[in-house]
Structure formats: structure tokens, C-alpha cells
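Reproduced below: coords-v3.txt, with compact mmCIF, C-alpha atoms.
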```
# COMPACT_ATOMS: atom_id res chain seq x y z
CA MET G 1 143.07 167.01 -49.74
CA ILE G 2 141.88 168.38 -46.41
CA ILE G 3 143.02 171.48 -44.57
CA LYS G 4 142.40 170.46 -40.98
CA LYS G 5 140.35 172.44 -38.49
CA GLY G 6 142.42 174.60 -36.14
CA VAL G 7 144.72 177.61 -36.24
CA ILE G 8 147.22 178.10 -39.07
CA GLU G 9 149.77 180.90 -38.75
CA VAL G 10 151.18 182.48 -41.89
CA PHE G 11 154.25 184.44 -40.73
CA ASP G 12 155.13 186.09 -44.03
CA HIS G 13 151.71 187.70 -44.10
CA ARG G 14 151.54 188.22 -40.28
CA ILE G 15 148.15 186.60 -40.06
CA ALA G 16 146.59 183.52 -38.46
CA PHE G 17 143.59 181.62 -39.80
CA SER G 18 141.21 179.92 -37.44
CA LEU G 19 139.38 177.16 -39.31
CA ALA G 20 136.02 176.42 -37.77
CA GLY G 21 135.92 173.02 -39.48
CA ASP G 22 137.93 170.90 -41.90
CA LEU G 23 138.11 172.47 -45.39
CA GLU G 24 138.04 169.84 -48.10
CA LEU G 25 139.36 170.33 -51.59
CA ASP G 26 139.44 167.98 -54.53
CA SER G 27 136.47 165.88 -53.32
CA GLY G 28 134.47 166.24 -56.51
CA PRO G 29 133.67 168.85 -59.15
CA CYS G 30 133.05 172.11 -57.32
CA CYS G 31 133.61 175.84 -57.40
CA ILE G 32 134.74 177.27 -54.06
CA TRP G 33 134.06 180.98 -53.61
CA LEU G 34 136.17 182.83 -51.05
CA SER G 35 134.00 185.51 -49.56
CA GLY G 36 134.94 188.38 -47.24
CA GLU G 37 135.62 192.11 -47.19
CA ASN G 38 138.67 193.69 -48.84
CA GLY G 39 141.87 193.16 -46.89
CA VAL G 40 140.49 190.39 -44.66
CA GLY G 41 143.15 187.90 -45.80
CA LYS G 42 141.76 185.84 -48.68
CA THR G 43 144.94 186.17 -50.76
CA SER G 44 147.10 185.45 -47.70
CA PHE G 45 145.05 182.29 -47.14
CA ILE G 46 145.44 181.20 -50.75
CA GLU G 47 149.19 181.80 -50.83
CA GLY G 48 150.10 180.92 -47.25
CA CYS G 49 147.78 177.97 -46.57
CA LEU G 50 146.10 176.63 -49.69
CA ILE G 51 149.04 176.66 -52.11
CA ALA G 52 151.41 175.47 -49.38
CA ALA G 53 149.11 172.49 -48.72
CA LEU G 54 148.76 171.71 -52.46
CA GLN G 55 152.53 171.77 -52.92
CA LYS G 56 153.04 169.56 -49.88
CA ASP G 57 150.60 166.98 -51.24
CA ARG G 58 151.98 167.45 -54.77
CA ILE G 59 148.56 168.23 -56.20
CA PRO G 60 148.98 170.01 -59.55
CA PHE G 61 147.29 173.40 -59.75
CA ILE G 62 147.25 176.64 -61.72
CA TYR G 63 147.16 179.94 -59.85
CA PHE G 64 146.38 183.34 -61.31
CA GLY G 65 147.34 185.79 -58.58
CA GLN G 66 145.82 189.09 -57.52
CA ASP G 67 148.92 190.91 -58.79
CA PHE G 68 148.61 189.20 -62.15
CA GLN G 69 150.44 192.03 -63.90
CA THR G 70 153.54 191.04 -61.92
CA GLN G 71 152.96 187.31 -62.41
CA TYR G 72 152.61 187.82 -66.18
CA TYR G 73 156.34 188.58 -66.48
CA THR G 74 157.25 185.25 -64.90
CA MET G 75 154.83 183.40 -67.18
CA GLN G 76 156.42 184.99 -70.25
CA ALA G 77 159.89 184.05 -68.99
CA VAL G 78 158.96 180.42 -68.32
CA LEU G 79 157.19 179.99 -71.68
CA ALA G 80 160.15 181.54 -73.50
CA VAL G 81 162.69 179.34 -71.69
CA GLU G 82 160.60 176.30 -72.61
CA GLY G 83 160.96 177.22 -76.29
CA ASN G 84 157.62 178.91 -77.00
CA ARG G 85 157.35 181.97 -79.21
CA ILE G 86 155.39 184.50 -77.24
CA ASP G 87 153.97 187.92 -77.98
CA PRO G 88 153.70 189.78 -74.66
CA SER G 89 151.07 192.10 -76.12
CA ASP G 90 148.81 189.12 -76.95
CA PHE G 91 147.54 188.55 -73.43
CA GLU G 92 144.87 185.99 -74.31
CA LYS G 93 147.21 183.84 -76.35
CA THR G 94 149.88 183.86 -73.62
CA VAL G 95 147.34 182.92 -70.95
CA GLY G 96 145.99 180.23 -73.29
CA MET G 97 149.51 178.81 -73.68
CA TRP G 98 149.93 178.87 -69.92
CA ILE G 99 146.70 176.95 -69.41
CA GLU G 100 147.75 174.44 -72.08
CA ARG G 101 151.07 174.00 -70.27
CA GLY G 102 149.22 173.25 -67.05
CA ARG G 103 146.74 170.66 -68.34
CA ASP G 104 147.77 168.29 -65.55
CA ALA G 105 146.23 170.69 -63.03
CA ARG G 106 143.19 169.54 -61.07
CA ILE G 107 142.71 172.84 -59.28
CA LEU G 108 142.46 176.32 -60.78
CA ILE G 109 142.77 179.25 -58.36
CA LEU G 110 141.58 182.64 -59.61
CA ASP G 111 142.28 185.62 -57.35
CA GLU G 112 140.28 188.51 -58.84
CA PHE G 113 141.29 187.33 -62.31
CA ASP G 114 138.09 188.83 -63.72
CA LYS G 115 139.90 192.20 -63.49
CA TYR G 116 142.23 191.03 -66.26
CA TRP G 117 140.14 188.55 -68.26
CA ASP G 118 136.95 189.66 -69.93
CA GLY G 119 134.35 186.89 -69.90
CA MET G 120 135.04 184.30 -67.24
CA LYS G 121 132.70 181.84 -69.00
CA ARG G 122 135.33 181.44 -71.73
CA LEU G 123 137.99 180.66 -69.15
CA TYR G 124 135.78 178.03 -67.54
CA ALA G 125 135.10 176.54 -70.99
CA LEU G 126 138.86 176.35 -71.69
CA THR G 127 139.60 174.54 -68.45
CA ARG G 128 136.56 172.47 -67.42
CA GLN G 129 137.84 169.38 -69.29
CA PHE G 130 140.68 168.89 -66.82
CA VAL G 131 140.02 171.12 -63.78
CA LYS G 132 138.04 169.46 -60.99
CA THR G 133 137.98 172.33 -58.50
CA TYR G 134 137.86 176.07 -59.02
CA VAL G 135 138.79 178.39 -56.17
CA VAL G 136 137.58 181.90 -56.95
CA VAL G 137 137.94 185.32 -55.36
CA THR G 138 135.84 187.94 -57.08
CA HIS G 139 133.93 191.11 -56.34
CA ASP G 140 131.48 190.34 -59.14
CA GLY G 141 129.12 188.26 -57.09
CA VAL G 142 129.48 184.86 -55.57
CA ALA G 143 128.18 181.62 -57.13
CA GLY G 144 125.24 181.15 -59.47
CA GLU G 145 125.58 182.57 -62.98
CA ASN G 146 129.12 183.81 -62.35
CA GLY G 147 130.44 180.27 -61.91
CA PRO G 148 131.38 177.42 -64.23
CA GLY G 149 127.92 175.81 -63.90
CA GLU G 150 127.11 172.10 -63.77
CA PRO G 151 128.57 169.72 -62.71
CA PHE G 152 130.61 172.12 -60.53
CA LYS G 153 128.78 172.49 -57.25
CA ASP G 154 129.02 175.92 -55.59
CA ARG G 155 130.58 176.13 -52.14
CA ILE G 156 131.43 179.22 -50.10
CA TRP G 157 134.30 179.73 -47.65
CA SER G 158 133.64 182.83 -45.61
CA PHE G 159 136.42 184.96 -44.07
CA GLY G 160 135.90 187.27 -41.10
CA LYS G 161 138.35 189.11 -38.82
CA THR G 162 137.98 188.07 -35.22
CA GLY G 163 140.80 189.99 -33.57
CA GLY G 164 144.55 190.02 -33.07
CA ARG G 165 147.13 187.91 -31.29
CA GLY G 166 150.74 188.92 -30.62
CA GLY G 167 151.14 191.25 -33.61
CA SER G 168 149.21 189.02 -36.05
CA SER G 169 145.56 189.42 -37.01
CA VAL G 170 143.27 186.40 -36.64
CA VAL G 171 140.76 185.54 -39.33
CA GLU G 172 138.03 182.96 -38.97
CA VAL G 173 137.34 180.75 -41.98
CA ARG G 174 134.19 178.70 -42.22
CA GLU G 175 132.33 176.89 -44.95
CA LEU G 176 128.80 178.22 -45.44
CA THR G 177 125.85 176.21 -46.63
CA VAL G 178 124.84 177.23 -50.17
CA MET U 1 175.56 221.27 -54.14
CA THR U 2 173.90 218.40 -56.01
CA VAL U 3 176.83 218.07 -58.38
CA LEU U 4 179.21 218.00 -55.40
CA LYS U 5 177.13 215.32 -53.71
CA LEU U 6 177.00 213.15 -56.83
CA CYS U 7 180.72 213.64 -57.44
CA GLY U 8 181.33 212.59 -53.84
CA ILE U 9 179.27 209.44 -54.33
CA GLY U 10 181.08 208.73 -57.61
CA ALA U 11 184.44 209.23 -55.88
CA ALA U 12 183.43 206.88 -53.05
CA ILE U 13 182.48 204.19 -55.58
CA GLY U 14 185.71 204.73 -57.49
CA MET U 15 187.79 204.53 -54.32
CA PHE U 16 186.01 201.37 -53.16
CA PHE U 17 186.62 199.59 -56.45
CA TYR U 18 190.21 200.84 -56.68
CA LEU U 19 191.11 199.69 -53.17
CA PHE U 20 189.18 196.46 -52.76
CA VAL U 21 188.30 195.16 -56.22
CA PHE U 22 191.17 196.07 -58.56
CA GLY U 23 193.85 197.44 -56.29
CA PRO U 24 196.18 196.95 -53.34
CA LEU U 25 193.77 195.33 -50.90
CA TYR U 26 192.31 192.72 -53.29
CA TRP U 27 194.28 189.77 -51.89
CA ARG U 28 193.79 190.70 -48.24
CA LEU U 29 191.01 188.24 -47.35
CA GLU U 30 190.75 189.45 -43.76
CA VAL U 31 190.28 193.05 -44.98
CA GLN U 32 187.63 191.91 -47.49
CA PHE U 33 185.68 190.19 -44.68
CA VAL U 34 185.81 193.34 -42.57
CA VAL U 35 184.64 195.45 -45.53
CA LEU U 36 181.80 193.00 -46.16
CA ALA U 37 180.73 193.18 -42.51
CA LEU U 38 180.82 197.01 -42.52
CA VAL U 39 178.95 197.29 -45.81
CA TRP U 40 176.40 194.74 -44.62
CA ALA U 41 175.87 196.81 -41.43
CA GLY U 42 175.41 199.88 -43.64
CA VAL U 43 172.73 198.15 -45.69
CA VAL U 44 170.90 196.94 -42.57
CA TRP U 45 170.97 200.45 -41.08
CA ARG U 46 169.92 202.16 -44.32
CA PHE U 47 167.20 199.72 -45.36
CA SER U 48 166.20 196.91 -43.01
CA LEU U 49 167.41 193.48 -41.89
CA GLY U 50 164.76 191.85 -44.10
CA SER U 51 165.93 193.76 -47.17
CA ALA U 52 169.58 192.98 -46.42
CA LEU U 53 168.78 189.27 -46.00
CA ALA U 54 166.85 189.26 -49.28
CA ALA U 55 169.87 190.81 -51.04
CA LEU U 56 172.15 188.21 -49.45
CA LYS U 57 169.81 185.41 -50.54
CA PHE U 58 169.95 186.75 -54.10
CA CYS U 59 173.77 186.70 -54.08
CA LEU U 60 174.09 183.29 -52.49
CA PRO U 61 173.80 181.12 -55.64
CA PHE U 62 176.47 183.16 -57.43
CA VAL U 63 178.73 183.14 -54.38
CA LEU U 64 178.36 179.38 -53.91
CA THR U 65 178.99 178.80 -57.64
CA LEU U 66 182.18 180.88 -57.46
CA ALA U 67 183.37 179.03 -54.39
CA GLY U 68 182.42 175.66 -55.91
CA ILE U 69 184.28 176.31 -59.17
CA GLY U 70 187.30 177.52 -57.20
CA LEU U 71 187.31 174.32 -55.15
CA ILE U 72 187.15 172.14 -58.29
CA PHE U 73 190.00 174.07 -59.93
CA HIS U 74 192.02 173.86 -56.71
CA LEU U 75 191.57 170.10 -56.37
CA THR U 76 192.45 169.48 -60.03
CA GLY U 77 195.37 171.94 -60.04
CA PHE U 78 193.90 173.63 -63.11
CA TRP U 79 196.52 175.48 -65.22
CA GLY U 80 199.11 174.51 -62.62
CA ARG U 81 197.88 177.22 -60.22
CA THR U 82 197.74 176.59 -56.47
CA ASP U 83 195.88 179.73 -55.43
CA TRP U 84 192.44 178.92 -56.87
CA LEU U 85 190.82 178.49 -53.48
CA LYS U 86 192.03 181.82 -52.13
CA ASP U 87 191.22 183.62 -55.40
CA SER U 88 187.70 182.20 -55.46
CA LEU U 89 187.12 183.00 -51.80
CA VAL U 90 188.21 186.58 -52.41
CA LYS U 91 185.85 186.87 -55.39
CA ALA U 92 183.06 185.23 -53.39
CA VAL U 93 183.45 187.93 -50.72
CA ILE U 94 183.99 190.87 -53.11
CA PHE U 95 180.89 190.11 -55.17
CA PRO U 96 178.32 190.63 -52.38
CA SER U 97 180.46 193.31 -50.76
CA SER U 98 180.56 195.48 -53.91
CA LEU U 99 176.88 194.81 -54.63
CA PHE U 100 175.85 195.89 -51.11
CA PHE U 101 178.15 198.91 -51.26
CA LEU U 102 176.60 200.07 -54.53
CA LYS U 103 173.08 199.47 -53.18
CA TRP U 104 173.90 201.45 -50.03
CA VAL U 105 175.71 204.37 -51.62
CA LEU U 106 173.39 204.78 -54.63
CA SER U 107 170.39 204.94 -52.28
CA PHE U 108 171.60 208.39 -51.18
CA ILE U 109 170.87 209.75 -54.65
CA THR U 110 167.32 211.10 -54.54
CA TYR U 111 164.94 212.00 -57.34
CA LEU U 112 165.40 215.69 -56.46
CA ASP U 113 169.16 215.29 -56.97
CA LEU U 114 168.53 213.92 -60.45
CA LEU U 115 166.08 216.75 -61.22
CA ARG U 116 168.70 219.34 -60.20
CA LEU U 117 171.45 217.95 -62.44
CA PRO U 118 172.81 220.50 -64.93
CA ILE U 119 172.05 218.28 -67.95
CA PRO U 120 169.27 218.42 -70.58
CA MET U 121 165.80 217.44 -69.38
CA THR U 122 165.74 214.31 -71.55
CA GLY U 123 168.85 213.09 -69.74
CA ARG U 124 167.31 213.81 -66.34
CA LEU U 125 164.13 211.96 -67.33
CA ASP U 126 166.18 208.96 -68.45
CA LEU U 127 167.99 208.82 -65.10
CA ILE U 128 164.77 209.23 -63.11
CA THR U 129 163.07 206.50 -65.16
CA PHE U 130 166.04 204.18 -64.63
CA LYS U 131 166.10 204.78 -60.87
CA ALA U 132 162.35 204.21 -60.55
CA ALA U 133 162.52 200.98 -62.54
CA MET U 134 165.49 199.66 -60.50
CA GLU U 135 163.71 200.40 -57.20
CA LYS U 136 160.55 198.72 -58.36
CA GLY U 137 162.57 195.78 -59.68
CA GLY U 138 164.14 195.23 -56.28
CA HIS U 139 160.73 194.91 -54.61
CA THR U 140 159.35 192.77 -57.40
CA LEU U 141 162.20 190.25 -57.39
CA ALA U 142 160.95 188.49 -54.27
CA ARG U 143 157.50 188.22 -55.81
CA PHE U 144 158.89 186.76 -59.03
CA ASN U 145 160.84 184.23 -56.98
CA TRP U 146 157.71 183.18 -55.11
CA TYR U 147 155.64 182.72 -58.27
CA LEU U 148 158.42 180.65 -59.87
CA SER U 149 158.47 178.40 -56.81
CA THR U 150 154.83 177.48 -57.46
CA TYR U 151 155.14 176.52 -61.14
CA PRO U 152 155.27 172.83 -62.07
CA GLY U 153 158.10 171.86 -64.38
CA LEU U 154 160.50 174.21 -62.61
CA SER U 155 160.51 172.04 -59.51
CA GLU U 156 161.24 168.80 -61.37
CA GLY U 157 164.56 167.12 -61.96
CA GLY U 158 167.80 167.16 -59.98
CA TRP U 159 168.73 170.18 -57.86
CA ARG U 160 171.21 171.53 -60.44
CA ILE U 161 168.60 171.48 -63.22
CA ARG U 162 165.96 173.04 -60.94
CA PHE U 163 168.41 175.71 -59.83
CA MET U 164 169.50 176.63 -63.39
CA ARG U 165 165.98 176.62 -64.78
CA ARG U 166 164.56 178.71 -61.97
CA TYR U 167 167.30 181.33 -61.96
CA THR U 168 167.25 181.60 -65.75
CA CYS U 169 163.51 182.31 -65.61
CA LEU U 170 164.03 184.75 -62.71
CA ILE U 171 166.66 186.80 -64.54
CA LEU U 172 164.64 186.76 -67.76
CA ALA U 173 161.45 187.83 -65.96
CA LEU U 174 163.38 190.67 -64.30
CA PHE U 175 164.82 191.76 -67.63
CA ILE U 176 161.40 191.76 -69.34
CA PHE U 177 159.94 193.64 -66.37
CA LEU U 178 162.66 196.32 -66.31
CA TYR U 179 162.48 196.78 -70.08
CA GLY U 180 158.70 197.18 -69.96
CA GLU U 181 158.76 199.41 -66.86
CA ILE U 182 161.41 201.73 -68.28
CA GLU U 183 159.46 202.11 -71.54
CA GLN U 184 156.18 202.77 -69.73
CA SER U 185 157.69 205.18 -67.20
CA LYS U 186 159.49 207.10 -69.93
CA LEU U 187 156.26 207.50 -71.91
CA LEU U 188 154.42 208.62 -68.78
CA PHE U 189 157.06 211.19 -67.78
CA GLU U 190 157.30 212.60 -71.30
CA ASN U 191 153.55 212.88 -71.51
CA ARG U 192 153.36 214.68 -68.14
CA ARG U 193 156.23 217.01 -69.08
CA LYS U 194 154.54 217.85 -72.37
CA LEU U 195 151.28 218.57 -70.57
CA LEU U 196 152.99 220.81 -68.00
CA SER U 197 154.88 222.69 -70.77
CA GLU U 198 151.67 223.22 -72.72
CA ASN U 199 149.82 224.44 -69.62
CA SER U 200 152.57 226.83 -68.58
CA SER U 201 152.95 228.44 -72.04
```

Can the structure from this file be put into C-alpha cells for me?
Amino acid sequence: MIIKKGVIEVFDHRIAFSLAGDLELDSGPCCIWLSGENGVGKTSFIEGCLIAALQKDRIPFIYFGQDFQTQYYTMQAVLAVEGNRIDPSDFEKTVGMWIERGRDARILILDEFDKYWDGMKRLYALTRQFVKTYVVVTHDGVAGENGPGEPFKDRIWSFGKTGGRGGSSVVEVRELTV
Amino acid sequence: MTVLKLCGIGAAIGMFFYLFVFGPLYWRLEVQFVVLALVWAGVVWRFSLGSALAALKFCLPFVLTLAGIGLIFHLTGFWGRTDWLKDSLVKAVIFPSSLFFLKWVLSFITYLDLLRLPIPMTGRLDLITFKAAMEKGGHTLARFNWYLSTYPGLSEGGWRIRFMRRYTCLILALFIFLYGEIEQSKLLFENRRKLLSENSS
């Protein structure tokens, strides 16, 4: 799946993304790190562009959002409706059940999930059998030891504010060489 | 003053339901449409157009279901009645109208009003906790809806199955959220109150 070079406007988030080049996903095992200062628009990009494109192309994915505490309620509801016995206080088990439910996923998107999950290595171990691409936003340091390791190649998408246009802010997105 | 204000709000709610929901103006469809338009304008003025549209979007499935069931009953002459269509249309208008009216009128009750009520502190804390949870729930509903739209399994099958599954999960998520929020907020308030009492004594 390719997100084509150009300008993408995300009206809900009042932001436009200017892609310096095509951004390719799902081309081979990799871990894509979204890098940029707080508030630049990484989450808006994930929700407004990336997830929209994945849904359009019907590519299965799992997303753990930045407001995971809010998302957790919806996960509990879905698991309960599907007949699972859940214990809301057992966070790890519920997340484990959610991952098991989403084993068709090829892409796992983690937006600051390290705030909620202690030990990202365990999460990578749980999912590396079926996930082909990780998309990660973290303040813990980009790439290297913090990632899933081989065979997932590290890539970095950098976000930087370039200005505003008609009430929306414009953010440039470019892939950096690692 | 606070008691007067709350009594006034209670009386307004009572009068609305007496006149338009259970009373003399129930069958007057043209009146119900006017009331809906006025209440809708009130919500837009008090909150915002975005908030009013979100509330309307929330009501829409229930309204369409009511209208749909009414149409089916009308076409089949269920129970020999011939007024199903009108009855369902009235209900389909009253439902959002009463919901918007309650949202609008209850928004005039502030936290200070609840604090000033001449009832025991535990009662005041319960009301404050409930109001806080309801307000937070309103904002969170849109977010729940968005997350549910991204989950596989919920977007499979025919539109009726997708609709039922998604709204069941939405209502359940909201219920779990409100239950948890009310518990947490209550614990927090009681803890703060205890701390303030200990410090002041």
C-alpha cells in the first residue's frame, strides 16, 4: 500500500499533510517510527491518513491509540459481545485477547502504547508471527534496541510543521534514511 | 435561590413532558415539529452546531427504527389499527425533541448549584459525580464510535448486522465507561473531602 506524494487534508483534525515523497507500507518486514515534536500531528496522520488508507484498501490492522484508556472500554465491549469472559482489571489478559482476535492483521500501529504496556519486547514477541509492519510513535527513543529487531528493518517518517493555510496547519512528512 | 432555580428547571421539564409527550399536544404533529425546531435551535445556541449535529446523529438510528417499524405495522394493518404511521412519526419526532430539551435545560444546572443544595453532603457528591460522568460520557461517545468503526468483525456482514453489532458495542462501552467513571470520581471526591475535613479540624 502506498500513500502518494502530495497534500492530504484531514478536516476533522484541521490539518494538512504535505508528503515529500510516496510513503510505502506493507512492502516487507519493517518498523516505521513516526518522529516529530509533541503536537505536530503524528496521531492526526495515523487516524486521518494512515488508517483511512488501510480501511480503503481493506488491509487488516490493529491500532492501539494514544488515548488507550478510552479505547480500552470499546475493546472490553467488543470482546464481551463476542462471548469472551473478560476481567477489566486484568489489562494484560484483555490486550492479549484483543491481539489474538486480530491475528489476521498485517500492520500493528502503536501510538505511545509504551505508556500503558511495560516491556515492549514482549508485545513484539506476541505479534511478530503475523505482523509484517509496525508503526510506532514513542518518546522512548527511535529505532535500534527499542524496536522489534530482525528481520524488521527500521524506517523513520519525520514530521515537521511548515506553516498554515486557510485555518489549517500544514505538516511536512518525509522518510529519512536510517 | 438555587432551590428556586432547580425547581424552575424541574417544572419546565414536567410541563414539557405533560404538554408534548403525555398530554394534550401529543397528536399535533405540526406542533411537535415546531417544538423540535425550537429545541434544536436552543441546543445549537447553548452548545454548538457540531454538538447538536452529533446528538442528532446519535438519535438517528432510533428514530429511523421507530419510523421503519411504524411503516411495517401500517402496511400490514397490525392489530387492525390505521394510525401506525402517524403514531410512529409522532414518536420519531418526540424522541429527539425530548432528548434535546433535557440536554438543553439540564445544562443550566451548574456544579455550584449542586454544591448549594440543602441536602446531605453525600447526596451532593453523588449528584456532582453523576453530572461529571454524564458530561464526560457525551464527549467520549464520538471517540468510542470512531474506534468501533476501525475494528474488523464489526464491519462485516449485511448492514443490519453491522448496525446492531456496532450499536450494541457502543452502548455497552458507554455503560462500562460511565460505571467506571462514576466509581472513580466518587472515590476521588470522598478522598478530597476527607482530606479537607482533616486539614480544617

>> So that I can check the surroundings of range 18-32 of chain U, please list as a list in words every protein, DNA and RNA residue that reaches within 7 Å of it, counting all atoms listed in the file and ignoring chain neighbours fewer than 2 positions away.
In response: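 Here the qualifying residues turn out to be Gly14, Met15, Phe16, Val34, Val35, Leu36, Val90, Val93 and Ile94 of chain U.
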
> Using only C-alpha atoms, which of U:Leu154, U:Leu172, U:Ile161, U:Ile9 sits nearest Leu102 in chain U?
Replying inline: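 The shortest atom-to-atom distance to Leu102 in chain U comes from U:Ile9.
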
Using all atoms listed in the file, what does the table of range 79-160 of chain U residues within 10 Å of range 45-63 of chain G look like, with each row giving the shortest atom pair and its distance in Å to one decimal, sorted by chain and ascending number, as JSON lines?
```
{"residue": "U:Trp146", "atom": "CA", "partner": "G:Glu47", "partner_atom": "CA", "distance": 9.6}
{"residue": "U:Tyr147", "atom": "CA", "partner": "G:Tyr63", "partner_atom": "CA", "distance": 9.1}
{"residue": "U:Ser149", "atom": "CA", "partner": "G:Gln55", "partner_atom": "CA", "distance": 9.7}
{"residue": "U:Thr150", "atom": "CA", "partner": "G:Gln55", "partner_atom": "CA", "distance": 7.6}
{"residue": "U:Tyr151", "atom": "CA", "partner": "G:Ile62", "partner_atom": "CA", "distance": 7.9}
{"residue": "U:Pro152", "atom": "CA", "partner": "G:Pro60", "partner_atom": "CA", "distance": 7.3}
```

> Of the candidates U:Gly10, U:Gly50, U:Pro118, U:Gly77, which one gets nearest to chain G if we count only C-alpha atoms?
Replying inline: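 Using only C-alpha atoms, the shortest distance to chain G belongs to U:Gly50.
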
> So, counting only C-alpha atoms, which residue among G:Tyr134, G:Phe64, G:Tyr73, G:Phe11 is closest to chain U?
Replying inline: G:Tyr73

>> For a test of reading the model, state the distance in Å between CA of Asp126 in chain U and CA of Leu56 in chain U, rounded to one decimal.
In response: 28.8 Å

>> Show me, as a VMD selection string, the residues of chain U whose atoms get within 12 Å of chain G, using only C-alpha atoms for the distance check.
In response: chain U and resid 50 136 to 137 139 to 156 164 to 181

Keeping only C-alpha atoms, write the selected residues to a file as a PDB file, in the coordinates of the input.
```
ATOM      1  CA  GLY U  50     164.760 191.850 -44.100  1.00  0.00           C
ATOM      2  CA  LYS U 136     160.550 198.720 -58.360  1.00  0.00           C
ATOM      3  CA  GLY U 137     162.570 195.780 -59.680  1.00  0.00           C
ATOM      4  CA  HIS U 139     160.730 194.910 -54.610  1.00  0.00           C
ATOM      5  CA  THR U 140     159.350 192.770 -57.400  1.00  0.00           C
ATOM      6  CA  LEU U 141     162.200 190.250 -57.390  1.00  0.00           C
ATOM      7  CA  ALA U 142     160.950 188.490 -54.270  1.00  0.00           C
ATOM      8  CA  ARG U 143     157.500 188.220 -55.810  1.00  0.00           C
ATOM      9  CA  PHE U 144     158.890 186.760 -59.030  1.00  0.00           C
ATOM     10  CA  ASN U 145     160.840 184.230 -56.980  1.00  0.00           C
ATOM     11  CA  TRP U 146     157.710 183.180 -55.110  1.00  0.00           C
ATOM     12  CA  TYR U 147     155.640 182.720 -58.270  1.00  0.00           C
ATOM     13  CA  LEU U 148     158.420 180.650 -59.870  1.00  0.00           C
ATOM     14  CA  SER U 149     158.470 178.400 -56.810  1.00  0.00           C
ATOM     15  CA  THR U 150     154.830 177.480 -57.460  1.00  0.00           C
ATOM     16  CA  TYR U 151     155.140 176.520 -61.140  1.00  0.00           C
ATOM     17  CA  PRO U 152     155.270 172.830 -62.070  1.00  0.00           C
ATOM     18  CA  GLY U 153     158.100 171.860 -64.380  1.00  0.00           C
ATOM     19  CA  LEU U 154     160.500 174.210 -62.610  1.00  0.00           C
ATOM     20  CA  SER U 155     160.510 172.040 -59.510  1.00  0.00           C
ATOM     21  CA  GLU U 156     161.240 168.800 -61.370  1.00  0.00           C
ATOM     22  CA  MET U 164     169.500 176.630 -63.390  1.00  0.00           C
ATOM     23  CA  ARG U 165     165.980 176.620 -64.780  1.00  0.00           C
ATOM     24  CA  ARG U 166     164.560 178.710 -61.970  1.00  0.00           C
ATOM     25  CA  TYR U 167     167.300 181.330 -61.960  1.00  0.00           C
ATOM     26  CA  THR U 168     167.250 181.600 -65.750  1.00  0.00           C
ATOM     27  CA  CYS U 169     163.510 182.310 -65.610  1.00  0.00           C
ATOM     28  CA  LEU U 170     164.030 184.750 -62.710  1.00  0.00           C
ATOM     29  CA  ILE U 171     166.660 186.800 -64.540  1.00  0.00           C
ATOM     30  CA  LEU U 172     164.640 186.760 -67.760  1.00  0.00           C
ATOM     31  CA  ALA U 173     161.450 187.830 -65.960  1.00  0.00           C
ATOM     32  CA  LEU U 174     163.380 190.670 -64.300  1.00  0.00           C
ATOM     33  CA  PHE U 175     164.820 191.760 -67.630  1.00  0.00           C
ATOM     34  CA  ILE U 176     161.400 191.760 -69.340  1.00  0.00           C
ATOM     35  CA  PHE U 177     159.940 193.640 -66.370  1.00  0.00           C
ATOM     36  CA  LEU U 178     162.660 196.320 -66.310  1.00  0.00           C
ATOM     37  CA  TYR U 179     162.480 196.780 -70.080  1.00  0.00           C
ATOM     38  CA  GLY U 180     158.700 197.180 -69.960  1.00  0.00           C
ATOM     39  CA  GLU U 181     158.760 199.410 -66.860  1.00  0.00           C
TER      40      GLU U 181
END
```

> Quick one: distance from CA of Leu6 in chain U to CA of Asp113 in chain U in Å, one decimal?
Replying inline: 8.1 Å

Edge lengths and centre, in Å to one decimal, as lines of an AutoDock Vina configuration file: that's what I need for the box along x, y and z that holds all listed atoms of range 111-121 of chain G plus 5 Å on each side.
```
center_x = 137.5
center_y = 187.0
center_z = -63.6
size_x = 19.6
size_y = 20.4
size_z = 22.6
```

>> One decimal, in Å: what's the spacing between CA of Ser88 in chain U and CA of Leu71 in chain U?
In response: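 Interatomic distance here is 7.9 Å.
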
> Excluding same-chain residues fewer than 2 positions from Met120 in chain G, what lies within 12 Å of it counting all atoms listed in the file, as a ChimeraX atom specification?
Replying inline: /G:110,112-118,122-128,134,136,138,140,145-149

>> Please determine, counting all atoms listed in the file, which residue among U:Phe189, U:Phe78, U:Phe95, U:Trp45 has the shortest atom-to-atom distance to Leu127 in chain U.
In response: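 Using all atoms listed in the file, Leu127 in chain U sits closest to U:Phe189.
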
>> For a quick check of understanding, using only C-alpha atoms, which of G:Arg174, G:Lys42, G:Lys93, G:Lys5 has the smallest distance to Asp111 in chain G?
In response: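 With only C-alpha atoms as the atom set, the closest residue is G:Lys42.
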
> Could you pull the residues within 8 Å of Lys4 in chain G, counting all atoms listed in the file, minus those fewer than 6 positions along the same chain, as a PyMOL selection string?
Replying inline: chain G and resi 19+21-23

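Minimum atom-to-atom distance to Ala20 in chain G, evaluated using only C-alpha atoms, belongs to G:Leu176 out of G:Ile32, G:Val131, G:Leu176, G:Ile86.
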